Amino acid sequence: MDVFYYYFGEFASWFCFMFLCIYGGYKLSESVHHYGGWKAWAKDFFGLEDQQ
């Protein structure tokens, strides 16, 4: 039974890790599209517009 728990834990860990990576990428993509591109997103995220 210990082997079952080991493989189930491995599967659950990898599945959750992959889900979080895909979800994080989706949310990042949505955020970039909201700001209108990578340059605008980076300026807002790093606060570069305030230095002008």
# chains A, B, ... in the order shown; residues from 1 in each chain; ligands from 1

call {"tool": "select_by_dssp", "arguments": {"residues": "chain A", "states": "alpha helix (DSSP H)", "output": "number ranges by chain"}}
result
A: 2-35, 38-46

call {"tool": "closest_residue", "arguments": {"among": "A:Phe8, A:Tyr23, A:Val32, A:Val3", "to": "Asp44 (chain A)", "atoms": "only C-alpha atoms"}}
result
A:Val32
